[in-house]
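Here's target.cif, which has mmCIF, C-alpha atoms:
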data_start
#
loop_
_atom_site.group_PDB
_atom_site.id
_atom_site.type_symbol
_atom_site.label_atom_id
_atom_site.label_comp_id
_atom_site.auth_asym_id
_atom_site.auth_seq_id
_atom_site.Cartn_x
_atom_site.Cartn_y
_atom_site.Cartn_z
ATOM 1 C CA MET A 1 -109.566 -163.340 87.672
ATOM 2 C CA SER A 2 -112.179 -164.169 85.086
ATOM 3 C CA VAL A 3 -112.101 -162.496 81.698
ATOM 4 C CA PRO A 4 -114.990 -160.046 81.173
ATOM 5 C CA CYS A 5 -117.358 -161.087 78.422
ATOM 6 C CA PHE A 6 -116.368 -158.569 75.749
ATOM 7 C CA VAL A 7 -116.622 -161.202 72.997
ATOM 8 C CA LYS A 8 -119.918 -162.982 72.578
ATOM 9 C CA THR A 9 -120.868 -165.592 70.008
ATOM 10 C CA THR A 10 -124.383 -166.136 68.703
ATOM 11 C CA ARG A 11 -125.512 -168.049 65.637
ATOM 12 C CA CYS A 12 -128.316 -166.913 63.389
ATOM 13 C CA LEU A 13 -129.970 -168.675 60.478
ATOM 14 C CA MET A 14 -128.945 -167.132 57.175
ATOM 15 C CA GLY A 15 -131.370 -167.048 54.339
ATOM 16 C CA THR A 16 -130.168 -166.309 50.862
ATOM 17 C CA VAL A 17 -128.928 -162.812 50.216
ATOM 18 C CA LYS A 18 -131.664 -162.304 47.688
ATOM 19 C CA SER A 19 -134.371 -162.898 50.279
ATOM 20 C CA LEU A 20 -132.710 -160.475 52.707
ATOM 21 C CA LEU A 21 -132.521 -157.721 50.131
ATOM 22 C CA THR A 22 -135.944 -158.096 48.548
ATOM 23 C CA ARG A 23 -138.144 -159.246 51.437
ATOM 24 C CA SER A 24 -141.059 -156.805 51.626
ATOM 25 C CA SER A 25 -140.785 -156.406 55.417
ATOM 26 C CA GLU A 26 -137.041 -155.738 55.369
ATOM 27 C CA ILE A 27 -135.652 -152.473 56.718
ATOM 28 C CA CYS A 28 -133.470 -151.867 53.684
ATOM 29 C CA SER A 29 -134.980 -150.588 50.443
ATOM 30 C CA PHE A 30 -131.883 -151.644 48.456
ATOM 31 C CA LYS A 31 -132.943 -153.995 45.636
ATOM 32 C CA ALA A 32 -130.934 -156.918 44.273
ATOM 33 C CA THR A 33 -130.893 -157.186 40.512
ATOM 34 C CA ARG A 34 -129.562 -160.762 40.327
ATOM 35 C CA LYS A 35 -129.392 -163.902 42.408
ATOM 36 C CA MET A 36 -126.570 -164.334 44.901
ATOM 37 C CA SER A 37 -125.530 -167.583 46.513
ATOM 38 C CA LEU A 38 -123.067 -168.438 49.246
ATOM 39 C CA GLY A 39 -120.991 -170.223 46.638
ATOM 40 C CA GLN A 40 -120.669 -167.012 44.659
ATOM 41 C CA ALA A 41 -119.920 -164.775 47.632
ATOM 42 C CA ASP A 42 -116.587 -165.690 49.202
ATOM 43 C CA HIS A 43 -117.047 -163.483 52.249
ATOM 44 C CA LEU A 44 -120.484 -164.894 52.982
ATOM 45 C CA LYS A 45 -119.199 -168.436 52.654
ATOM 46 C CA ARG A 46 -116.242 -167.817 54.956
ATOM 47 C CA THR A 47 -118.428 -166.231 57.614
ATOM 48 C CA ALA A 48 -121.485 -168.459 57.298
ATOM 49 C CA SER A 49 -121.152 -169.685 60.904
ATOM 50 C CA VAL A 50 -120.282 -166.273 62.367
ATOM 51 C CA TYR A 51 -122.864 -164.081 64.106
ATOM 52 C CA ARG A 52 -124.486 -161.416 61.957
ATOM 53 C CA GLN A 53 -127.579 -159.290 62.404
ATOM 54 C CA GLU A 54 -130.639 -160.159 60.363
ATOM 55 C CA ALA A 55 -131.451 -156.640 59.231
ATOM 56 C CA VAL A 56 -129.926 -155.090 56.115
ATOM 57 C CA PHE A 57 -129.697 -151.285 56.011
ATOM 58 C CA SER A 58 -129.282 -148.916 53.114
ATOM 59 C CA ALA A 59 -126.358 -146.487 53.226
ATOM 60 C CA ARG A 60 -125.156 -143.525 51.191
ATOM 61 C CA VAL A 61 -121.517 -142.767 50.481
ATOM 62 C CA CYS A 62 -121.053 -139.201 51.736
ATOM 63 C CA ALA A 63 -117.248 -138.855 51.564
ATOM 64 C CA ILE A 64 -114.260 -140.624 49.987
ATOM 65 C CA THR A 65 -110.648 -139.943 50.956
ATOM 66 C CA ASN A 66 -107.303 -141.558 50.217
ATOM 67 C CA GLU A 67 -105.977 -142.986 53.471
ATOM 68 C CA SER A 68 -102.850 -144.231 51.660
ATOM 69 C CA ASN A 69 -101.750 -144.965 48.088
ATOM 70 C CA THR A 70 -103.649 -148.251 48.207
ATOM 71 C CA VAL A 71 -106.452 -147.624 50.709
ATOM 72 C CA LYS A 72 -109.590 -145.541 50.280
ATOM 73 C CA LYS A 73 -111.685 -144.531 53.271
ATOM 74 C CA LEU A 74 -115.427 -144.364 52.774
ATOM 75 C CA GLN A 75 -117.746 -142.432 55.048
ATOM 76 C CA LEU A 76 -121.229 -143.901 54.878
ATOM 77 C CA GLU A 77 -124.401 -142.235 56.084
ATOM 78 C CA VAL A 78 -126.877 -144.653 57.676
ATOM 79 C CA THR A 79 -130.045 -142.879 58.717
ATOM 80 C CA HIS A 80 -132.107 -145.727 60.149
ATOM 81 C CA PRO A 81 -132.299 -145.436 63.961
ATOM 82 C CA ASP A 82 -132.012 -149.203 64.457
ATOM 83 C CA PHE A 83 -128.589 -149.467 62.837
ATOM 84 C CA SER A 84 -125.800 -150.104 65.342
ATOM 85 C CA PHE A 85 -122.505 -151.951 65.670
ATOM 86 C CA ARG A 86 -119.878 -152.780 68.287
ATOM 87 C CA ALA A 87 -116.263 -151.625 68.016
ATOM 88 C CA GLY A 88 -114.383 -154.309 66.068
ATOM 89 C CA GLN A 89 -117.269 -155.688 64.012
ATOM 90 C CA TRP A 90 -117.505 -155.799 60.212
ATOM 91 C CA VAL A 91 -120.248 -155.315 57.639
ATOM 92 C CA ASP A 92 -121.496 -157.364 54.736
ATOM 93 C CA PHE A 93 -121.218 -154.857 51.891
ATOM 94 C CA PHE A 94 -123.839 -155.252 49.142
ATOM 95 C CA ILE A 95 -123.379 -153.415 45.831
ATOM 96 C CA SER A 96 -126.063 -153.330 43.162
ATOM 97 C CA GLY A 97 -124.723 -154.939 39.995
ATOM 98 C CA VAL A 98 -121.737 -156.597 41.707
ATOM 99 C CA GLU A 99 -122.072 -160.343 42.069
ATOM 100 C CA LYS A 100 -119.909 -160.867 45.140
ATOM 101 C CA VAL A 101 -120.549 -159.450 48.594
ATOM 102 C CA GLY A 102 -117.763 -157.590 50.358
ATOM 103 C CA GLY A 103 -116.737 -157.939 53.973
ATOM 104 C CA PHE A 104 -115.103 -154.835 55.462
ATOM 105 C CA SER A 105 -114.321 -154.014 59.090
ATOM 106 C CA VAL A 106 -115.750 -150.786 60.434
ATOM 107 C CA CYS A 107 -112.838 -148.530 61.384
ATOM 108 C CA SER A 108 -114.769 -145.814 63.195
ATOM 109 C CA SER A 109 -116.042 -145.631 66.749
ATOM 110 C CA PRO A 110 -119.701 -146.354 67.585
ATOM 111 C CA ALA A 111 -119.818 -142.840 69.043
ATOM 112 C CA LEU A 112 -119.265 -141.343 65.570
ATOM 113 C CA LEU A 113 -122.442 -143.070 64.426
ATOM 114 C CA LEU A 114 -124.337 -141.699 67.422
ATOM 115 C CA ARG A 115 -123.010 -138.169 66.889
ATOM 116 C CA ASN A 116 -123.056 -137.855 63.103
ATOM 117 C CA GLY A 117 -125.030 -140.807 61.748
ATOM 118 C CA VAL A 118 -122.043 -142.174 59.806
ATOM 119 C CA ILE A 119 -119.613 -145.073 59.860
ATOM 120 C CA GLU A 120 -116.237 -145.391 58.122
ATOM 121 C CA LEU A 121 -114.608 -148.214 56.178
ATOM 122 C CA ALA A 122 -111.006 -148.329 54.934
ATOM 123 C CA VAL A 123 -110.764 -150.542 51.847
ATOM 124 C CA LYS A 124 -107.490 -151.685 50.318
ATOM 125 C CA TYR A 125 -107.280 -152.017 46.550
ATOM 126 C CA THR A 126 -107.549 -155.559 45.223
ATOM 127 C CA LYS A 127 -109.150 -157.113 42.161
ATOM 128 C CA HIS A 128 -111.826 -158.696 44.346
ATOM 129 C CA PRO A 129 -115.019 -157.166 42.875
ATOM 130 C CA PRO A 130 -116.306 -155.259 45.954
ATOM 131 C CA ALA A 131 -112.901 -153.701 46.715
ATOM 132 C CA HIS A 132 -112.322 -153.018 43.008
ATOM 133 C CA TRP A 133 -115.697 -151.261 42.814
ATOM 134 C CA VAL A 134 -114.793 -149.050 45.787
ATOM 135 C CA HIS A 135 -111.577 -147.964 44.061
ATOM 136 C CA THR A 136 -112.828 -147.616 40.494
ATOM 137 C CA GLU A 137 -116.564 -146.888 40.461
ATOM 138 C CA CYS A 138 -117.729 -145.705 43.870
ATOM 139 C CA THR A 139 -118.571 -141.999 44.075
ATOM 140 C CA VAL A 140 -120.120 -139.659 46.597
ATOM 141 C CA ASP A 141 -123.875 -140.372 46.685
ATOM 142 C CA SER A 142 -123.422 -144.020 45.644
ATOM 143 C CA HIS A 143 -125.861 -146.237 47.513
ATOM 144 C CA VAL A 144 -125.005 -149.620 49.029
ATOM 145 C CA ALA A 145 -126.480 -151.898 51.680
ATOM 146 C CA LEU A 146 -124.923 -153.054 54.945
ATOM 147 C CA ARG A 147 -125.428 -155.847 57.439
ATOM 148 C CA VAL A 148 -123.391 -155.934 60.655
ATOM 149 C CA GLY A 149 -121.657 -159.090 61.806
ATOM 150 C CA GLY A 150 -118.745 -160.491 63.770
ATOM 151 C CA ASP A 151 -117.946 -162.063 67.131
ATOM 152 C CA PHE A 152 -114.779 -159.990 67.550
ATOM 153 C CA TYR A 153 -115.535 -156.772 69.399
ATOM 154 C CA PHE A 154 -114.947 -154.647 72.485
ATOM 155 C CA ASP A 155 -118.170 -153.680 74.225
ATOM 156 C CA PRO A 156 -117.664 -153.606 78.006
ATOM 157 C CA SER A 157 -120.478 -153.083 80.489
ATOM 158 C CA PRO A 158 -120.102 -150.429 83.192
ATOM 159 C CA SER A 159 -119.773 -153.157 85.837
ATOM 160 C CA ASP A 160 -116.954 -155.050 84.060
ATOM 161 C CA PRO A 161 -113.526 -154.981 85.752
ATOM 162 C CA THR A 162 -110.986 -152.571 84.301
ATOM 163 C CA MET A 163 -108.658 -154.241 81.802
ATOM 164 C CA ASP A 164 -105.562 -153.078 79.952
ATOM 165 C CA LEU A 165 -105.882 -153.510 76.189
ATOM 166 C CA LEU A 166 -103.078 -154.708 73.933
ATOM 167 C CA LEU A 167 -103.953 -154.157 70.271
ATOM 168 C CA VAL A 168 -101.694 -155.918 67.757
ATOM 169 C CA ALA A 169 -102.283 -155.095 64.085
ATOM 170 C CA GLY A 170 -100.694 -156.089 60.800
ATOM 171 C CA GLY A 171 -101.448 -154.175 57.591
ATOM 172 C CA VAL A 172 -105.154 -153.436 57.074
ATOM 173 C CA GLY A 173 -105.791 -155.516 60.188
ATOM 174 C CA ILE A 174 -105.614 -152.131 61.884
ATOM 175 C CA ASN A 175 -109.223 -151.394 60.867
ATOM 176 C CA PRO A 176 -111.178 -153.138 63.667
ATOM 177 C CA LEU A 177 -108.435 -152.326 66.195
ATOM 178 C CA TYR A 178 -108.575 -148.637 65.332
ATOM 179 C CA SER A 179 -112.317 -148.788 65.986
ATOM 180 C CA ILE A 180 -111.590 -150.363 69.387
ATOM 181 C CA LEU A 181 -108.902 -147.775 70.150
ATOM 182 C CA MET A 182 -111.220 -144.885 69.308
ATOM 183 C CA HIS A 183 -114.021 -146.477 71.334
ATOM 184 C CA SER A 184 -111.680 -146.676 74.330
ATOM 185 C CA ALA A 185 -110.861 -142.987 73.913
ATOM 186 C CA ASP A 186 -114.561 -142.133 73.739
ATOM 187 C CA LEU A 187 -115.195 -144.081 76.951
ATOM 188 C CA LEU A 188 -112.501 -142.031 78.680
ATOM 189 C CA ARG A 189 -114.025 -138.796 77.398
ATOM 190 C CA GLU A 190 -117.427 -139.757 78.759
ATOM 191 C CA THR A 191 -115.923 -140.245 82.286
ATOM 192 C CA GLN A 192 -119.010 -142.224 83.283
ATOM 193 C CA GLY A 193 -119.683 -145.924 82.996
ATOM 194 C CA TYR A 194 -116.815 -148.246 82.094
ATOM 195 C CA LEU A 195 -113.352 -146.666 82.266
ATOM 196 C CA PRO A 196 -110.650 -148.542 80.309
ATOM 197 C CA GLY A 197 -107.196 -149.156 81.711
ATOM 198 C CA ARG A 198 -104.108 -148.574 79.583
ATOM 199 C CA THR A 199 -104.298 -149.212 75.823
ATOM 200 C CA HIS A 200 -101.141 -150.027 73.866
ATOM 201 C CA LEU A 201 -101.077 -150.439 70.074
ATOM 202 C CA CYS A 202 -98.406 -152.421 68.202
ATOM 203 C CA TYR A 203 -98.964 -151.824 64.492
ATOM 204 C CA SER A 204 -96.846 -153.347 61.726
ATOM 205 C CA ALA A 205 -96.768 -152.206 58.088
ATOM 206 C CA LYS A 206 -94.302 -152.188 55.193
ATOM 207 C CA ASN A 207 -93.433 -148.526 55.663
ATOM 208 C CA THR A 208 -94.769 -145.376 57.240
ATOM 209 C CA LYS A 209 -96.748 -144.453 54.109
ATOM 210 C CA GLU A 210 -98.788 -147.629 54.630
ATOM 211 C CA LEU A 211 -99.613 -146.809 58.254
ATOM 212 C CA LEU A 212 -103.320 -145.979 58.294
ATOM 213 C CA PHE A 213 -104.765 -143.438 60.750
ATOM 214 C CA LYS A 214 -101.271 -142.705 62.106
ATOM 215 C CA ASN A 215 -101.895 -139.023 62.816
ATOM 216 C CA ASN A 216 -105.132 -139.716 64.672
ATOM 217 C CA ILE A 217 -103.477 -142.517 66.642
ATOM 218 C CA ILE A 218 -100.673 -140.188 67.714
ATOM 219 C CA GLY A 219 -103.275 -137.556 68.564
ATOM 220 C CA VAL A 220 -105.084 -139.914 70.948
ATOM 221 C CA CYS A 221 -101.776 -140.859 72.582
ATOM 222 C CA GLN A 222 -101.032 -137.165 73.107
ATOM 223 C CA GLU A 223 -104.531 -136.472 74.447
ATOM 224 C CA PHE A 224 -104.272 -139.306 76.994
ATOM 225 C CA PRO A 225 -100.530 -139.814 77.561
ATOM 226 C CA ASP A 226 -101.109 -141.859 80.721
ATOM 227 C CA LYS A 227 -103.639 -144.133 79.033
ATOM 228 C CA PHE A 228 -102.565 -144.619 75.400
ATOM 229 C CA SER A 229 -99.269 -145.555 73.770
ATOM 230 C CA CYS A 230 -98.244 -146.945 70.390
ATOM 231 C CA VAL A 231 -95.294 -148.356 68.475
ATOM 232 C CA PHE A 232 -95.308 -148.473 64.676
ATOM 233 C CA HIS A 233 -93.193 -151.331 63.301
ATOM 234 C CA VAL A 234 -91.997 -150.902 59.700
ATOM 235 C CA THR A 235 -90.505 -153.857 57.857
ATOM 236 C CA GLN A 236 -89.474 -152.419 54.468
ATOM 237 C CA GLN A 237 -88.740 -148.765 55.118
ATOM 238 C CA ASP A 238 -86.416 -147.449 52.387
ATOM 239 C CA PHE A 239 -86.801 -143.702 52.965
ATOM 240 C CA GLU A 240 -86.371 -141.406 55.929
ATOM 241 C CA ILE A 241 -89.010 -141.666 58.620
ATOM 242 C CA GLU A 242 -90.981 -138.471 59.144
ATOM 243 C CA GLN A 243 -89.768 -136.548 62.167
ATOM 244 C CA SER A 244 -93.172 -136.658 63.857
ATOM 245 C CA LEU A 245 -93.192 -140.464 63.645
ATOM 246 C CA GLN A 246 -89.622 -141.147 64.720
ATOM 247 C CA PRO A 247 -90.298 -141.318 68.497
ATOM 248 C CA CYS A 248 -92.890 -144.074 68.065
ATOM 249 C CA THR A 249 -91.477 -146.043 65.092
ATOM 250 C CA ALA A 250 -89.269 -149.139 65.210
ATOM 251 C CA SER A 251 -87.658 -151.130 62.412
ATOM 252 C CA GLY A 252 -88.520 -154.790 61.979
ATOM 253 C CA ARG A 253 -91.409 -157.043 62.820
ATOM 254 C CA ILE A 254 -93.262 -157.135 66.111
ATOM 255 C CA SER A 255 -90.998 -159.213 68.353
ATOM 256 C CA GLU A 256 -91.319 -160.993 71.675
ATOM 257 C CA GLU A 257 -89.173 -158.310 73.289
ATOM 258 C CA SER A 258 -91.431 -155.525 71.988
ATOM 259 C CA LEU A 259 -94.483 -157.273 73.471
ATOM 260 C CA ARG A 260 -92.962 -158.283 76.787
ATOM 261 C CA HIS A 261 -93.503 -154.982 78.596
ATOM 262 C CA CYS A 262 -97.126 -154.823 77.368
ATOM 263 C CA VAL A 263 -98.275 -158.089 78.914
ATOM 264 C CA ASP A 264 -99.628 -158.414 82.439
ATOM 265 C CA PRO A 265 -101.192 -161.905 82.661
ATOM 266 C CA GLU A 266 -103.689 -160.690 85.269
ATOM 267 C CA HIS A 267 -104.870 -157.490 83.618
ATOM 268 C CA THR A 268 -104.175 -157.622 79.849
ATOM 269 C CA LEU A 269 -106.698 -158.442 77.150
ATOM 270 C CA CYS A 270 -105.255 -158.692 73.629
ATOM 271 C CA TYR A 271 -107.087 -158.047 70.371
ATOM 272 C CA LEU A 272 -105.119 -159.320 67.394
ATOM 273 C CA CYS A 273 -105.822 -158.764 63.695
ATOM 274 C CA GLY A 274 -103.611 -159.311 60.651
ATOM 275 C CA PRO A 275 -102.374 -161.997 58.251
ATOM 276 C CA PRO A 276 -102.839 -165.584 59.533
ATOM 277 C CA PRO A 277 -99.091 -166.305 59.965
ATOM 278 C CA MET A 278 -98.729 -163.161 62.049
ATOM 279 C CA ILE A 279 -101.687 -164.095 64.225
ATOM 280 C CA GLU A 280 -100.287 -167.565 64.843
ATOM 281 C CA ASN A 281 -96.826 -166.244 65.680
ATOM 282 C CA VAL A 282 -97.967 -163.413 67.962
ATOM 283 C CA SER A 283 -100.474 -165.662 69.736
ATOM 284 C CA THR A 284 -97.691 -168.172 70.479
ATOM 285 C CA VAL A 285 -95.411 -165.404 71.765
ATOM 286 C CA LEU A 286 -98.128 -163.950 74.008
ATOM 287 C CA GLN A 287 -98.835 -167.337 75.559
ATOM 288 C CA ARG A 288 -95.131 -167.802 76.151
ATOM 289 C CA LEU A 289 -95.194 -164.468 77.989
ATOM 290 C CA GLY A 290 -97.909 -165.802 80.278
ATOM 291 C CA LEU A 291 -101.085 -164.531 78.641
ATOM 292 C CA SER A 292 -103.747 -167.232 78.694
ATOM 293 C CA GLU A 293 -105.353 -168.296 75.431
ATOM 294 C CA ASP A 294 -108.763 -166.944 76.434
ATOM 295 C CA ARG A 295 -107.266 -163.443 76.706
ATOM 296 C CA ILE A 296 -106.029 -163.462 73.087
ATOM 297 C CA LEU A 297 -108.933 -162.593 70.810
ATOM 298 C CA PHE A 298 -109.013 -162.788 67.028
ATOM 299 C CA GLU A 299 -111.164 -163.983 64.137
ATOM 300 C CA LYS A 300 -110.596 -166.933 61.813
ATOM 301 C CA TRP A 301 -112.758 -166.232 58.795
ATOM 302 C CA TRP A 302 -110.194 -165.661 56.032
#
Starting from the file, give its structure as structure tokens.
Amino acid sequence: MSVPCFVKTTRCLMGTVKSLLTRSSEICSFKATRKMSLGQADHLKRTASVYRQEAVFSARVCAITNESNTVKKLQLEVTHPDFSFRAGQWVDFFISGVEKVGGFSVCSSPALLLRNGVIELAVKYTKHPPAHWVHTECTVDSHVALRVGGDFYFDPSPSDPTMDLLLVAGGVGINPLYSILMHSADLLRETQGYLPGRTHLCYSAKNTKELLFKNNIIGVCQEFPDKFSCVFHVTQQDFEIEQSLQPCTASGRISEESLRHCVDPEHTLCYLCGPPPMIENVSTVLQRLGLSEDRILFEKWW
């Protein structure tokens, strides 16, 4: 069986960020106040060879919530009708007055954008200027600019064969996989077009307080018990696990044994996102379990 083309790679020529933000014909009205270069912007340098759209769109922060003690979730209103993204992609995140450009995975489903005109980003606190700005200066009604990019996404056509999805996340690597999970749920709700097979999420974090979106994930599993399942793996849990999480929480890292029952070499497609050592280890385990390399999808832009 051939693997359906859910991941597509295209190269585009990148001009300087300044030209994208100030070009008179550009969609976005966001103005740069200083020069940016690829050397200054770590994210742009790391992803220079990765597909990204040409258009830059302005966005307004319309809500900010604490997803955990270290992660803030931004809801961004994007009103331009041409703005779109695929589940799993990220955005270049331009902030007026901040020298470096951020790179944050979209954690919401494309259907949320269609319904409400918003996307969501979950940003972990670091001293990297874009993330630091989100945690220390960003407020409701702040304006930023976005450009969509990434070759890592789930966007099946109605004619594609049904596949089972295995989503393996570590830490904030859950962000693009949560987008994919929610997109799969939306496809099931539509009941027309492509219908996903089973979706199983293996999600590892230090403790249950660091598990992002856990209540929504459990909610989807309860809504579609025959289609969705999840196991939360906690590696440094030093307090009692909440009763609601106990049935789906395991101690320790994601192991070969925990993945074995999730892998069908003929029908499983795996999306993997997390720290590089985790990706290397899990990829090796999955291949040992019979999953071919072309069915294990991840990005290498860190």
- Task: Run the PyMOL selection byres ((chain A and resi 246-256) around 7) against the file shown and list the residues it catches, as a PyMOL selection string.
- Result: chain A and resi 204+230-235+241-245+257-260+285
- Message: Quick check on the file I pasted: which residues fall under the PyMOL selection byres ((chain A and resi 176) around 6)? Write them as a list in words.
- Response: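 Answer for the PyMOL selection byres ((chain A and resi 176) around 6): Gly88, Ser105, Cys107, Ile174, Asn175, Leu177, Tyr178 and Ser179 of chain A.
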- Task: Find the residues near A:Phe152: any atom within 7 Å, counting all atoms listed in the file, skip ones fewer than 2 places away on the same chain, and give them as a PyMOL selection string.
- Result: chain A and resi 7+88-89+150+298-299
- Query: Mind telling me what the PyMOL selection byres ((chain A and resi 219) around 12) catches here, as an MDAnalysis selection string?
  - Reply: chainID A and resid 181:182 185 213:218 220:225 228:230 244:245
- Message: Using all atoms listed in the file, which protein or nucleic acid residues come within 8 Å of A:Arg86? Drop anything in the same chain fewer than 2 positions from it, and give the result as a ChimeraX atom specification.
- Response: /A:84,88-89,110,153-155
Write out the residues from the selection above, keeping C-alpha atoms, as a CSV table (one decimal), in the coordinates of the input.
chain,number,residue,atom,x,y,z
A,84,SER,CA,-125.8,-150.1,65.3
A,88,GLY,CA,-114.4,-154.3,66.1
A,89,GLN,CA,-117.3,-155.7,64.0
A,110,PRO,CA,-119.7,-146.4,67.6
A,153,TYR,CA,-115.5,-156.8,69.4
A,154,PHE,CA,-114.9,-154.6,72.5
A,155,ASP,CA,-118.2,-153.7,74.2
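Take atom CA of A:Asn69 and atom CA of A:Ala145: the distance between them is 25.9 Å.
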Stretch 54-63 of chain A: axis-aligned bounding box, 5 Å on each side, centre and edge lengths in Å, one decimal, as AutoDock Vina command-line options:
--center_x -124.3 --center_y -149.5 --center_z 55.4 --size_x 24.2 --size_y 31.3 --size_z 19.9
- Item | Contact residues around A:Leu297 with only C-alpha atoms at 12 Å, ignoring same-chain residues under 3 positions, as number ranges by chain | A: 3, 5-8, 88, 151-154, 165-168, 177, 268-274, 279-280, 282-283, 286, 291-294, 300
